[in-house]
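Trainee: Dropping a structure here in structure tokens format, bear with me for questions.
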Amino acid sequence: MALPSDSAEQPTPAEIAQRLADVPLFEQMRPADLDFLANHAQIQQFDPAVVLSAQQASENDLYVVIRGHLEVWLDPKTIGSEGPERKLATLFADEIAGELALVDGGVRSARLQAGDAGVRVICISQAAILNHCEHDPIFGYRLMRNLAAMLALRARLTTLSVQTSQP
């Protein structure tokens, strides 16, 4: 589902809900759940290289990329280590960032930065999502199941990457 292309034009909650239905984290969600998320979402536009969230920040919003790309950067100095900054990932349409805050509420493990063409995101607060989880166990179960599957896939891919990069 495409949202309005003009960054000044705000999509309706129904358009946001349709877009969220395409995001793996929200697979098999009921229409009412998608409507809830859409009604608690904000569309945000960021210019190229703008930092959405700093590494070690206590912000805990969930971001869904809808246009452009979002870069995930690690600065070892922020955790007392040495070495240059590294780009960990580039996230494109329908990919998410900030999902770890849904699990542990901890600080950001990496910096989120708009890509070279900027990025447009759907932003949903952790508080709104977790509040809905507490009041609707079916939503909470589906969300956490999808989140666990995403994190498991990431762990498997990381393991495979380490195994294939060793001599």
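Labels for the structure tokens follow display order: chains A, B, ..., residues from 1 in each chain, ligands from 1.
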As a short mmCIF file (atom, residue, chain, number, x, y, z; two decimals) with C-alpha atoms, in the first residue's frame, please: every residue in segment 16-130 of chain A that DSSP puts in helix (DSSP H, G or I).
Mentor:
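Wrote out_39.cif, looks like this:
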data_model
loop_
_atom_site.label_atom_id
_atom_site.label_comp_id
_atom_site.auth_asym_id
_atom_site.auth_seq_id
_atom_site.Cartn_x
_atom_site.Cartn_y
_atom_site.Cartn_z
CA ILE A 16 -1.52 3.92 7.65
CA ALA A 17 -3.31 0.76 8.83
CA GLN A 18 -3.19 -0.66 5.30
CA ARG A 19 0.53 0.06 5.13
CA LEU A 20 1.19 -1.54 8.51
CA PRO A 24 6.19 -8.47 8.93
CA LEU A 25 6.01 -7.39 12.59
CA PHE A 26 2.27 -6.87 12.18
CA PRO A 31 -8.02 -4.97 11.44
CA ALA A 32 -8.90 -3.42 14.81
CA ASP A 33 -5.28 -3.86 15.96
CA LEU A 34 -3.95 -2.18 12.82
CA ASP A 35 -6.47 0.63 13.32
CA PHE A 36 -5.29 1.07 16.91
CA LEU A 37 -1.65 1.29 15.80
CA ALA A 38 -2.51 3.69 12.98
CA ASN A 39 -4.40 5.96 15.36
CA PRO A 76 32.21 1.59 19.69
CA LYS A 77 33.35 4.64 21.68
CA THR A 78 29.88 5.03 23.23
CA ILE A 79 30.32 1.67 24.96
CA LEU A 100 14.45 -4.16 20.90
CA ALA A 101 12.84 -1.48 23.09
CA LEU A 102 9.61 -3.48 22.90
CA VAL A 103 11.43 -6.39 24.51
CA ASP A 104 13.65 -4.81 27.14
CA GLN A 126 6.48 1.91 22.86
CA ALA A 127 3.98 3.01 25.52
CA ALA A 128 1.04 2.79 23.11
CA ILE A 129 2.09 -0.64 21.85
CA LEU A 130 2.76 -2.12 25.28
#
Trainee: For Pro13 of chain A, which of A:Glu27, A:Asp75, A:Ala57, A:Ala41 is the closest residue, counting only C-alpha atoms?
Mentor: A:Ala41
Trainee: List every residue of segment 21-100 of chain A that DSSP, applied to the backbone, labels as strand (DSSP E or B), and write the result as a ChimeraX atom specification.
Mentor: /A:41-46,51-53,62-74,86-91,96-97
Trainee: Keeping C-alpha atoms for every residue in the selection just given, could you write it to a file as a PDB file, in the first residue's frame?
Mentor:
ATOM      1  CA  ALA A  41       1.152   6.637  14.795  1.00  0.00           C
ATOM      2  CA  GLN A  42       2.871   9.730  13.514  1.00  0.00           C
ATOM      3  CA  ILE A  43       4.382  10.175  10.077  1.00  0.00           C
ATOM      4  CA  GLN A  44       7.798  11.819  10.260  1.00  0.00           C
ATOM      5  CA  GLN A  45      10.065  13.017   7.466  1.00  0.00           C
ATOM      6  CA  PHE A  46      13.830  13.392   8.013  1.00  0.00           C
ATOM      7  CA  VAL A  51      19.855  11.439  13.400  1.00  0.00           C
ATOM      8  CA  LEU A  52      16.472  10.039  14.443  1.00  0.00           C
ATOM      9  CA  SER A  53      17.833   8.489  17.606  1.00  0.00           C
ATOM     10  CA  LEU A  62       9.271   2.011  16.956  1.00  0.00           C
ATOM     11  CA  TYR A  63      10.002   3.178  13.398  1.00  0.00           C
ATOM     12  CA  VAL A  64       8.624   1.662  10.210  1.00  0.00           C
ATOM     13  CA  VAL A  65      10.377   2.857   7.047  1.00  0.00           C
ATOM     14  CA  ILE A  66       7.925   3.917   4.350  1.00  0.00           C
ATOM     15  CA  ARG A  67      10.198   5.768   1.917  1.00  0.00           C
ATOM     16  CA  GLY A  68      13.929   6.270   1.529  1.00  0.00           C
ATOM     17  CA  HIS A  69      16.192   4.355   3.840  1.00  0.00           C
ATOM     18  CA  LEU A  70      17.323   4.363   7.430  1.00  0.00           C
ATOM     19  CA  GLU A  71      20.905   3.601   8.401  1.00  0.00           C
ATOM     20  CA  VAL A  72      21.866   1.813  11.616  1.00  0.00           C
ATOM     21  CA  TRP A  73      25.312   2.840  12.926  1.00  0.00           C
ATOM     22  CA  LEU A  74      27.444   1.545  15.799  1.00  0.00           C
ATOM     23  CA  ARG A  86      30.406   0.871  11.466  1.00  0.00           C
ATOM     24  CA  LYS A  87      27.216   0.788   9.490  1.00  0.00           C
ATOM     25  CA  LEU A  88      25.373  -2.289  10.747  1.00  0.00           C
ATOM     26  CA  ALA A  89      22.390  -2.178   8.427  1.00  0.00           C
ATOM     27  CA  THR A  90      20.402  -0.210   5.911  1.00  0.00           C
ATOM     28  CA  LEU A  91      16.651  -0.492   6.345  1.00  0.00           C
ATOM     29  CA  ILE A  96      11.513  -1.641  11.326  1.00  0.00           C
ATOM     30  CA  ALA A  97      13.910  -0.111  13.832  1.00  0.00           C
TER      31      ALA A  97
END
Trainee: Under the rule that only C-alpha atoms are counted, which of A:Gly118, A:Gly98, A:Gly106, A:Gly80 is the nearest residue to Ser58 of chain A?
Mentor: A:Gly106
